[in-house]
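Below is start_1.tsv, which holds TSV, N, CA and C atoms.
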```
chain	number	residue	atom	x	y	z
A	1	MET	N	39.97	96.65	-75.17
A	1	MET	CA	39.97	97.99	-74.62
A	1	MET	C	38.53	98.51	-74.59
A	2	THR	N	38.12	99.04	-73.47
A	2	THR	CA	36.77	99.57	-73.35
A	2	THR	C	36.81	101.09	-73.48
A	3	THR	N	35.77	101.62	-74.09
A	3	THR	CA	35.68	103.07	-74.22
A	3	THR	C	34.89	103.61	-73.03
A	4	VAL	N	35.29	104.75	-72.56
A	4	VAL	CA	34.63	105.37	-71.41
A	4	VAL	C	33.63	106.40	-71.93
A	5	GLU	N	32.40	106.26	-71.49
A	5	GLU	CA	31.36	107.21	-71.86
A	5	GLU	C	31.52	108.47	-71.03
A	6	ARG	N	31.57	109.63	-71.67
A	6	ARG	CA	31.79	110.88	-70.94
A	6	ARG	C	30.52	111.39	-70.27
A	7	ARG	N	29.38	110.90	-70.67
A	7	ARG	CA	28.12	111.35	-70.06
A	7	ARG	C	27.70	110.34	-69.01
A	8	TYR	N	27.27	110.86	-67.89
A	8	TYR	CA	26.80	110.00	-66.81
A	8	TYR	C	25.29	109.81	-66.84
A	9	ARG	N	24.59	110.73	-67.48
A	9	ARG	CA	23.14	110.64	-67.55
A	9	ARG	C	22.71	110.39	-68.98
A	10	LYS	N	21.66	109.62	-69.13
A	10	LYS	CA	21.11	109.37	-70.46
A	10	LYS	C	20.45	110.64	-70.97
A	11	ARG	N	20.62	110.92	-72.26
A	11	ARG	CA	20.02	112.11	-72.86
A	11	ARG	C	18.76	111.71	-73.61
A	12	PHE	N	17.82	112.65	-73.67
A	12	PHE	CA	16.54	112.41	-74.31
A	12	PHE	C	16.31	113.44	-75.40
A	13	THR	N	15.56	113.07	-76.43
A	13	THR	CA	15.23	113.98	-77.51
A	13	THR	C	14.47	115.18	-76.94
A	14	ALA	N	14.89	116.36	-77.35
A	14	ALA	CA	14.35	117.59	-76.74
A	14	ALA	C	13.50	118.39	-77.70
A	15	ALA	N	12.82	117.74	-78.63
A	15	ALA	CA	12.02	118.46	-79.62
A	15	ALA	C	10.94	119.35	-79.00
A	16	PRO	N	10.23	118.92	-77.94
A	16	PRO	CA	9.19	119.81	-77.39
A	16	PRO	C	9.73	120.96	-76.55
A	17	LEU	N	11.03	121.04	-76.37
A	17	LEU	CA	11.63	122.06	-75.52
A	17	LEU	C	11.98	123.31	-76.33
A	18	ARG	N	11.58	124.47	-75.83
A	18	ARG	CA	11.93	125.74	-76.49
A	18	ARG	C	13.13	126.32	-75.77
A	19	VAL	N	14.14	126.74	-76.54
A	19	VAL	CA	15.37	127.25	-75.97
A	19	VAL	C	15.64	128.66	-76.51
A	20	LEU	N	15.88	129.59	-75.60
A	20	LEU	CA	16.33	130.94	-75.92
A	20	LEU	C	17.63	131.15	-75.17
A	21	PHE	N	18.59	131.85	-75.78
A	21	PHE	CA	19.85	132.09	-75.10
A	21	PHE	C	20.35	133.50	-75.39
A	22	CYS	N	21.14	134.00	-74.46
A	22	CYS	CA	21.88	135.25	-74.68
A	22	CYS	C	23.29	135.05	-74.15
A	23	ARG	N	24.23	135.71	-74.77
A	23	ARG	CA	25.63	135.59	-74.37
A	23	ARG	C	25.94	136.54	-73.23
A	24	CYS	N	26.85	136.12	-72.37
A	24	CYS	CA	27.33	136.97	-71.28
A	24	CYS	C	28.75	137.41	-71.61
A	25	HIS	N	29.01	138.69	-71.44
A	25	HIS	CA	30.34	139.25	-71.65
A	25	HIS	C	30.83	139.79	-70.31
A	26	TRP	N	32.06	140.22	-70.26
A	26	TRP	CA	32.61	140.74	-69.01
A	26	TRP	C	31.93	142.05	-68.60
A	27	TRP	N	31.31	142.77	-69.54
A	27	TRP	CA	30.62	144.02	-69.21
A	27	TRP	C	29.12	143.80	-68.98
A	28	GLY	N	28.66	142.60	-69.07
A	28	GLY	CA	27.25	142.30	-68.84
A	28	GLY	C	26.73	141.33	-69.89
A	29	ARG	N	25.44	141.22	-69.98
A	29	ARG	CA	24.86	140.31	-70.95
A	29	ARG	C	24.20	141.08	-72.08
A	30	GLU	N	24.03	140.39	-73.19
A	30	GLU	CA	23.31	141.00	-74.32
A	30	GLU	C	21.85	141.17	-73.95
A	31	ARG	N	21.24	142.16	-74.51
A	31	ARG	CA	19.82	142.38	-74.24
A	31	ARG	C	18.94	141.47	-75.09
A	32	ARG	N	19.44	141.04	-76.22
A	32	ARG	CA	18.64	140.27	-77.17
A	32	ARG	C	18.83	138.77	-76.95
A	33	TYR	N	17.73	138.05	-76.90
A	33	TYR	CA	17.77	136.59	-76.82
A	33	TYR	C	17.67	136.01	-78.23
A	34	HIS	N	18.33	134.89	-78.44
A	34	HIS	CA	18.34	134.21	-79.73
A	34	HIS	C	17.68	132.84	-79.59
A	35	ASP	N	16.99	132.42	-80.64
A	35	ASP	CA	16.37	131.10	-80.65
A	35	ASP	C	17.40	130.03	-80.98
A	36	ALA	N	17.18	128.84	-80.43
A	36	ALA	CA	18.01	127.69	-80.76
A	36	ALA	C	17.11	126.47	-80.83
A	37	PHE	N	17.53	125.50	-81.60
A	37	PHE	CA	16.78	124.25	-81.73
A	37	PHE	C	17.45	123.23	-80.81
A	38	ALA	N	16.69	122.70	-79.85
A	38	ALA	CA	17.23	121.73	-78.90
A	38	ALA	C	17.24	120.34	-79.52
A	39	LEU	N	18.39	119.68	-79.47
A	39	LEU	CA	18.52	118.34	-80.04
A	39	LEU	C	18.34	117.25	-78.99
A	40	ASP	N	19.10	117.33	-77.91
A	40	ASP	CA	18.91	116.39	-76.81
A	40	ASP	C	19.14	117.09	-75.49
A	41	PHE	N	18.69	116.45	-74.41
A	41	PHE	CA	18.66	117.12	-73.11
A	41	PHE	C	18.93	116.12	-72.01
A	42	ALA	N	19.68	116.54	-71.02
A	42	ALA	CA	19.85	115.83	-69.75
A	42	ALA	C	19.94	116.90	-68.67
A	43	ALA	N	19.82	116.51	-67.42
A	43	ALA	CA	19.82	117.50	-66.35
A	43	ALA	C	21.18	118.20	-66.21
A	44	GLY	N	22.24	117.65	-66.78
A	44	GLY	CA	23.56	118.26	-66.69
A	44	GLY	C	23.94	119.10	-67.89
A	45	GLY	N	23.25	118.94	-69.00
A	45	GLY	CA	23.60	119.68	-70.20
A	45	GLY	C	22.67	119.34	-71.35
A	46	MET	N	22.96	119.92	-72.50
A	46	MET	CA	22.11	119.69	-73.67
A	46	MET	C	22.89	119.99	-74.93
A	47	ALA	N	22.32	119.64	-76.06
A	47	ALA	CA	22.88	119.97	-77.36
A	47	ALA	C	21.89	120.87	-78.08
A	48	ILE	N	22.40	121.95	-78.68
A	48	ILE	CA	21.55	122.87	-79.42
A	48	ILE	C	22.15	123.12	-80.79
A	49	ARG	N	21.29	123.57	-81.71
A	49	ARG	CA	21.73	123.94	-83.05
A	49	ARG	C	21.21	125.34	-83.35
A	50	THR	N	22.10	126.20	-83.85
A	50	THR	CA	21.72	127.57	-84.17
A	50	THR	C	22.64	128.10	-85.27
A	51	THR	N	22.27	129.22	-85.86
A	51	THR	CA	23.08	129.83	-86.90
A	51	THR	C	24.12	130.78	-86.32
A	52	MET	N	24.02	131.12	-85.06
A	52	MET	CA	24.96	132.06	-84.43
A	52	MET	C	26.28	131.35	-84.11
A	53	LYS	N	27.37	132.02	-84.42
A	53	LYS	CA	28.69	131.46	-84.16
A	53	LYS	C	29.18	131.88	-82.78
A	54	MET	N	29.62	130.90	-81.99
A	54	MET	CA	30.18	131.15	-80.66
A	54	MET	C	31.43	130.30	-80.49
A	55	LYS	N	32.27	130.69	-79.55
A	55	LYS	CA	33.48	129.95	-79.26
A	55	LYS	C	33.27	129.02	-78.07
A	56	GLU	N	34.11	128.01	-77.98
A	56	GLU	CA	34.09	127.13	-76.83
A	56	GLU	C	34.44	127.94	-75.59
A	57	GLY	N	33.71	127.73	-74.50
A	57	GLY	CA	33.94	128.49	-73.27
A	57	GLY	C	33.06	129.72	-73.13
A	58	THR	N	32.25	130.03	-74.14
A	58	THR	CA	31.35	131.18	-74.07
A	58	THR	C	30.31	130.96	-72.97
A	59	GLN	N	30.10	131.96	-72.16
A	59	GLN	CA	29.10	131.88	-71.10
A	59	GLN	C	27.75	132.33	-71.64
A	60	LEU	N	26.71	131.57	-71.30
A	60	LEU	CA	25.35	131.84	-71.78
A	60	LEU	C	24.37	131.91	-70.62
A	61	LEU	N	23.25	132.54	-70.87
A	61	LEU	CA	22.08	132.44	-70.01
A	61	LEU	C	20.97	131.84	-70.87
A	62	LEU	N	20.43	130.71	-70.42
A	62	LEU	CA	19.42	129.98	-71.18
A	62	LEU	C	18.04	130.16	-70.56
A	63	THR	N	17.04	130.22	-71.40
A	63	THR	CA	15.66	130.12	-70.98
A	63	THR	C	15.11	128.84	-71.60
A	64	LEU	N	14.65	127.94	-70.75
A	64	LEU	CA	14.14	126.64	-71.19
A	64	LEU	C	12.67	126.56	-70.83
A	65	GLU	N	11.85	126.14	-71.79
A	65	GLU	CA	10.43	126.00	-71.47
A	65	GLU	C	9.78	124.90	-72.29
A	66	ASN	N	8.81	124.26	-71.66
A	66	ASN	CA	7.92	123.34	-72.35
A	66	ASN	C	6.51	123.65	-71.87
A	67	SER	N	5.59	122.75	-72.09
A	67	SER	CA	4.20	123.05	-71.74
A	67	SER	C	3.97	123.14	-70.23
A	68	ASN	N	4.85	122.53	-69.41
A	68	ASN	CA	4.65	122.50	-67.97
A	68	ASN	C	5.58	123.41	-67.17
A	69	HIS	N	6.78	123.67	-67.68
A	69	HIS	CA	7.79	124.39	-66.90
A	69	HIS	C	8.42	125.50	-67.73
A	70	ARG	N	8.92	126.50	-67.03
A	70	ARG	CA	9.71	127.56	-67.67
A	70	ARG	C	10.81	127.95	-66.70
A	71	LEU	N	12.03	127.84	-67.16
A	71	LEU	CA	13.19	128.13	-66.33
A	71	LEU	C	13.96	129.27	-66.98
A	72	LEU	N	14.12	130.38	-66.25
A	72	LEU	CA	14.74	131.58	-66.81
A	72	LEU	C	16.19	131.72	-66.36
A	73	ASP	N	17.03	132.21	-67.27
A	73	ASP	CA	18.42	132.59	-66.99
A	73	ASP	C	19.23	131.51	-66.28
A	74	VAL	N	19.25	130.33	-66.87
A	74	VAL	CA	20.09	129.25	-66.36
A	74	VAL	C	21.51	129.49	-66.88
A	75	PRO	N	22.51	129.61	-65.99
A	75	PRO	CA	23.87	129.81	-66.47
A	75	PRO	C	24.40	128.54	-67.13
A	76	ALA	N	25.09	128.72	-68.25
A	76	ALA	CA	25.62	127.58	-68.99
A	76	ALA	C	26.91	127.99	-69.70
A	77	ILE	N	27.67	126.99	-70.11
A	77	ILE	CA	28.93	127.21	-70.81
A	77	ILE	C	28.94	126.35	-72.07
A	78	VAL	N	29.43	126.90	-73.17
A	78	VAL	CA	29.58	126.14	-74.40
A	78	VAL	C	30.76	125.20	-74.22
A	79	ALA	N	30.51	123.90	-74.26
A	79	ALA	CA	31.56	122.90	-74.02
A	79	ALA	C	32.12	122.33	-75.32
A	80	ARG	N	31.33	122.35	-76.39
A	80	ARG	CA	31.77	121.76	-77.65
A	80	ARG	C	31.14	122.52	-78.80
A	81	VAL	N	31.91	122.71	-79.88
A	81	VAL	CA	31.44	123.43	-81.07
A	81	VAL	C	31.72	122.56	-82.28
A	82	GLU	N	30.72	122.45	-83.15
A	82	GLU	CA	30.88	121.70	-84.40
A	82	GLU	C	30.09	122.41	-85.50
A	83	GLN	N	30.76	122.71	-86.61
A	83	GLN	CA	30.08	123.39	-87.70
A	83	GLN	C	29.47	122.37	-88.65
A	84	GLN	N	28.21	122.62	-89.04
A	84	GLN	CA	27.50	121.77	-90.00
A	84	GLN	C	26.87	122.68	-91.04
A	85	GLU	N	27.51	122.78	-92.19
A	85	GLU	CA	27.09	123.66	-93.28
A	85	GLU	C	26.94	125.10	-92.78
A	86	HIS	N	25.72	125.65	-92.76
A	86	HIS	CA	25.52	127.04	-92.35
A	86	HIS	C	25.06	127.16	-90.90
A	87	GLU	N	25.05	126.06	-90.18
A	87	GLU	CA	24.63	126.06	-88.78
A	87	GLU	C	25.75	125.52	-87.90
A	88	TYR	N	25.60	125.74	-86.61
A	88	TYR	CA	26.57	125.26	-85.64
A	88	TYR	C	25.88	124.39	-84.61
A	89	LEU	N	26.54	123.32	-84.23
A	89	LEU	CA	26.05	122.40	-83.21
A	89	LEU	C	26.88	122.64	-81.95
A	90	TYR	N	26.21	122.88	-80.83
A	90	TYR	CA	26.89	123.19	-79.58
A	90	TYR	C	26.52	122.20	-78.50
A	91	GLY	N	27.52	121.76	-77.77
A	91	GLY	CA	27.31	121.00	-76.55
A	91	GLY	C	27.33	121.99	-75.40
A	92	ILE	N	26.26	122.05	-74.64
A	92	ILE	CA	26.09	123.04	-73.57
A	92	ILE	C	26.12	122.32	-72.23
A	93	LYS	N	26.88	122.85	-71.29
A	93	LYS	CA	26.92	122.30	-69.94
A	93	LYS	C	26.35	123.34	-68.99
A	94	PHE	N	25.38	122.94	-68.18
A	94	PHE	CA	24.79	123.87	-67.21
A	94	PHE	C	25.80	124.16	-66.11
A	95	ALA	N	25.90	125.43	-65.71
A	95	ALA	CA	26.86	125.86	-64.69
A	95	ALA	C	26.11	126.29	-63.44
A	96	MET	N	25.57	125.35	-62.71
A	96	MET	CA	24.77	125.66	-61.52
A	96	MET	C	25.62	126.21	-60.39
A	97	GLY	N	26.93	126.01	-60.43
A	97	GLY	CA	27.82	126.53	-59.39
A	97	GLY	C	27.87	128.05	-59.36
A	98	LYS	N	27.40	128.70	-60.41
A	98	LYS	CA	27.41	130.16	-60.45
A	98	LYS	C	26.20	130.77	-59.74
A	99	LEU	N	25.28	129.92	-59.32
A	99	LEU	CA	24.09	130.39	-58.60
A	99	LEU	C	24.25	130.16	-57.10
A	100	PRO	N	23.55	130.92	-56.26
A	100	PRO	CA	23.53	130.60	-54.83
A	100	PRO	C	22.96	129.20	-54.59
A	101	ASP	N	23.28	128.61	-53.45
A	101	ASP	CA	22.89	127.22	-53.17
A	101	ASP	C	21.40	126.96	-53.31
A	102	SER	N	20.57	127.81	-52.73
A	102	SER	CA	19.12	127.56	-52.79
A	102	SER	C	18.61	127.68	-54.22
A	103	SER	N	19.13	128.64	-54.97
A	103	SER	CA	18.71	128.80	-56.37
A	103	SER	C	19.18	127.64	-57.22
A	104	SER	N	20.39	127.17	-56.99
A	104	SER	CA	20.90	126.06	-57.80
A	104	SER	C	20.13	124.78	-57.52
A	105	ARG	N	19.74	124.55	-56.26
A	105	ARG	CA	18.94	123.36	-55.94
A	105	ARG	C	17.57	123.44	-56.62
A	106	SER	N	16.96	124.61	-56.58
A	106	SER	CA	15.65	124.79	-57.21
A	106	SER	C	15.74	124.60	-58.73
A	107	ALA	N	16.74	125.23	-59.34
A	107	ALA	CA	16.91	125.11	-60.79
A	107	ALA	C	17.21	123.67	-61.18
A	108	TYR	N	18.05	122.98	-60.39
A	108	TYR	CA	18.38	121.60	-60.72
A	108	TYR	C	17.15	120.70	-60.61
A	109	SER	N	16.27	120.95	-59.63
A	109	SER	CA	15.06	120.13	-59.52
A	109	SER	C	14.13	120.36	-60.71
A	110	ILE	N	14.07	121.58	-61.20
A	110	ILE	CA	13.24	121.84	-62.39
A	110	ILE	C	13.88	121.21	-63.62
A	111	LEU	N	15.21	121.23	-63.71
A	111	LEU	CA	15.88	120.53	-64.82
A	111	LEU	C	15.57	119.04	-64.78
A	112	GLN	N	15.51	118.46	-63.59
A	112	GLN	CA	15.15	117.04	-63.48
A	112	GLN	C	13.71	116.81	-63.91
A	113	HIS	N	12.80	117.73	-63.55
A	113	HIS	CA	11.41	117.61	-64.00
A	113	HIS	C	11.32	117.71	-65.52
A	114	LEU	N	12.09	118.63	-66.11
A	114	LEU	CA	12.12	118.74	-67.57
A	114	LEU	C	12.63	117.45	-68.20
A	115	GLU	N	13.67	116.89	-67.61
A	115	GLU	CA	14.23	115.64	-68.12
A	115	GLU	C	13.21	114.51	-68.07
A	116	ARG	N	12.49	114.42	-66.94
A	116	ARG	CA	11.47	113.37	-66.81
A	116	ARG	C	10.33	113.56	-67.80
A	117	SER	N	9.98	114.82	-68.07
A	117	SER	CA	8.88	115.07	-69.01
A	117	SER	C	9.28	114.76	-70.45
A	118	LEU	N	10.58	114.73	-70.74
A	118	LEU	CA	11.04	114.43	-72.10
A	118	LEU	C	11.27	112.94	-72.35
A	119	LYS	N	11.17	112.13	-71.30
A	119	LYS	CA	11.34	110.68	-71.49
A	119	LYS	C	10.26	110.18	-72.43
A	120	PRO	N	10.58	109.18	-73.28
A	120	PRO	CA	9.62	108.72	-74.29
A	120	PRO	C	8.27	108.28	-73.75
A	121	ASN	N	8.24	107.60	-72.62
A	121	ASN	CA	6.96	107.13	-72.08
A	121	ASN	C	6.61	107.87	-70.80
A	122	ALA	N	6.91	109.19	-70.78
A	122	ALA	CA	6.58	110.00	-69.62
A	122	ALA	C	5.09	110.29	-69.59
A	123	ILE	N	4.54	110.26	-68.41
A	123	ILE	CA	3.12	110.57	-68.22
A	123	ILE	C	3.04	111.96	-67.64
A	124	SER	N	2.38	112.88	-68.35
A	124	SER	CA	2.28	114.25	-67.83
A	124	SER	C	1.26	114.30	-66.71
A	125	THR	N	1.59	115.03	-65.66
A	125	THR	CA	0.68	115.14	-64.52
A	125	THR	C	0.17	116.54	-64.38
```

Is it possible to give me this structure as structure tokens?
Amino acid sequence: MTTVERRYRKRFTAAPLRVLFCRCHWWGRERRYHDAFALDFAAGGMAIRTTMKMKEGTQLLLTLENSNHRLLDVPAIVARVEQQEHEYLYGIKFAMGKLPDSSSRSAYSILQHLERSLKPNAIST
């Protein structure tokens, strides 16, 4: 019996990536952004660790930045939650379908650039 891998893209260590997030509610979004530690990254999603407790299905707006790129207010959804002592590990899936077509294409291309810059033997240009 073979196991099916749920991820289609390889994930890369996201240590140089800075992640800020805020939760979205039905009445709007929070004004305050929270820091998170990025564990791994792919153009379709990422894993983060933070002390804030959230439920599966929570809608987020992410700000992702490294030395070359900064992407503001990327819509995302919490896909997986796992508690580890006093912190929580979250699987985040980017929700580009919530953006207009031109914006989603632009954001996805920057996510691909971020992914390429996180590859172990990436050459910065």

All residues 8 Å or closer to range 38-49 of chain A, only N, CA and C atoms, same chain fewer than 4 positions away omitted, as JSON, numbers by chain: {"A": [9, 10, 11, 12, 13, 14, 15, 16, 17, 18, 19, 87, 88, 89, 90, 91, 92, 93, 94, 95, 108, 110, 111, 112, 113, 114, 115, 116]}

Mind pulling up the distance from atom N of Ala36 in chain A to atom C of Arg23 in chain A?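 Atom N of Ala36 in chain A lies 13.7 Å from atom C of Arg23 in chain A.
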
Can you measure CA of Cys22 in chain A to CA of Glu65 in chain A for me? One decimal in Å is fine.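 One can read the CA of Cys22 in chain A to CA of Glu65 in chain A distance as 15.1 Å.
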
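Between CA of Ile77 in chain A and CA of Thr58 in chain A the interatomic distance comes to 5.7 Å.
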
Local residues around (21.3, 131.8, -64.8), at most 7 Å away, using all atoms listed in the file, as JSON, numbers by chain: {"A": [60, 61, 62, 72, 73, 74, 75, 76, 99]}
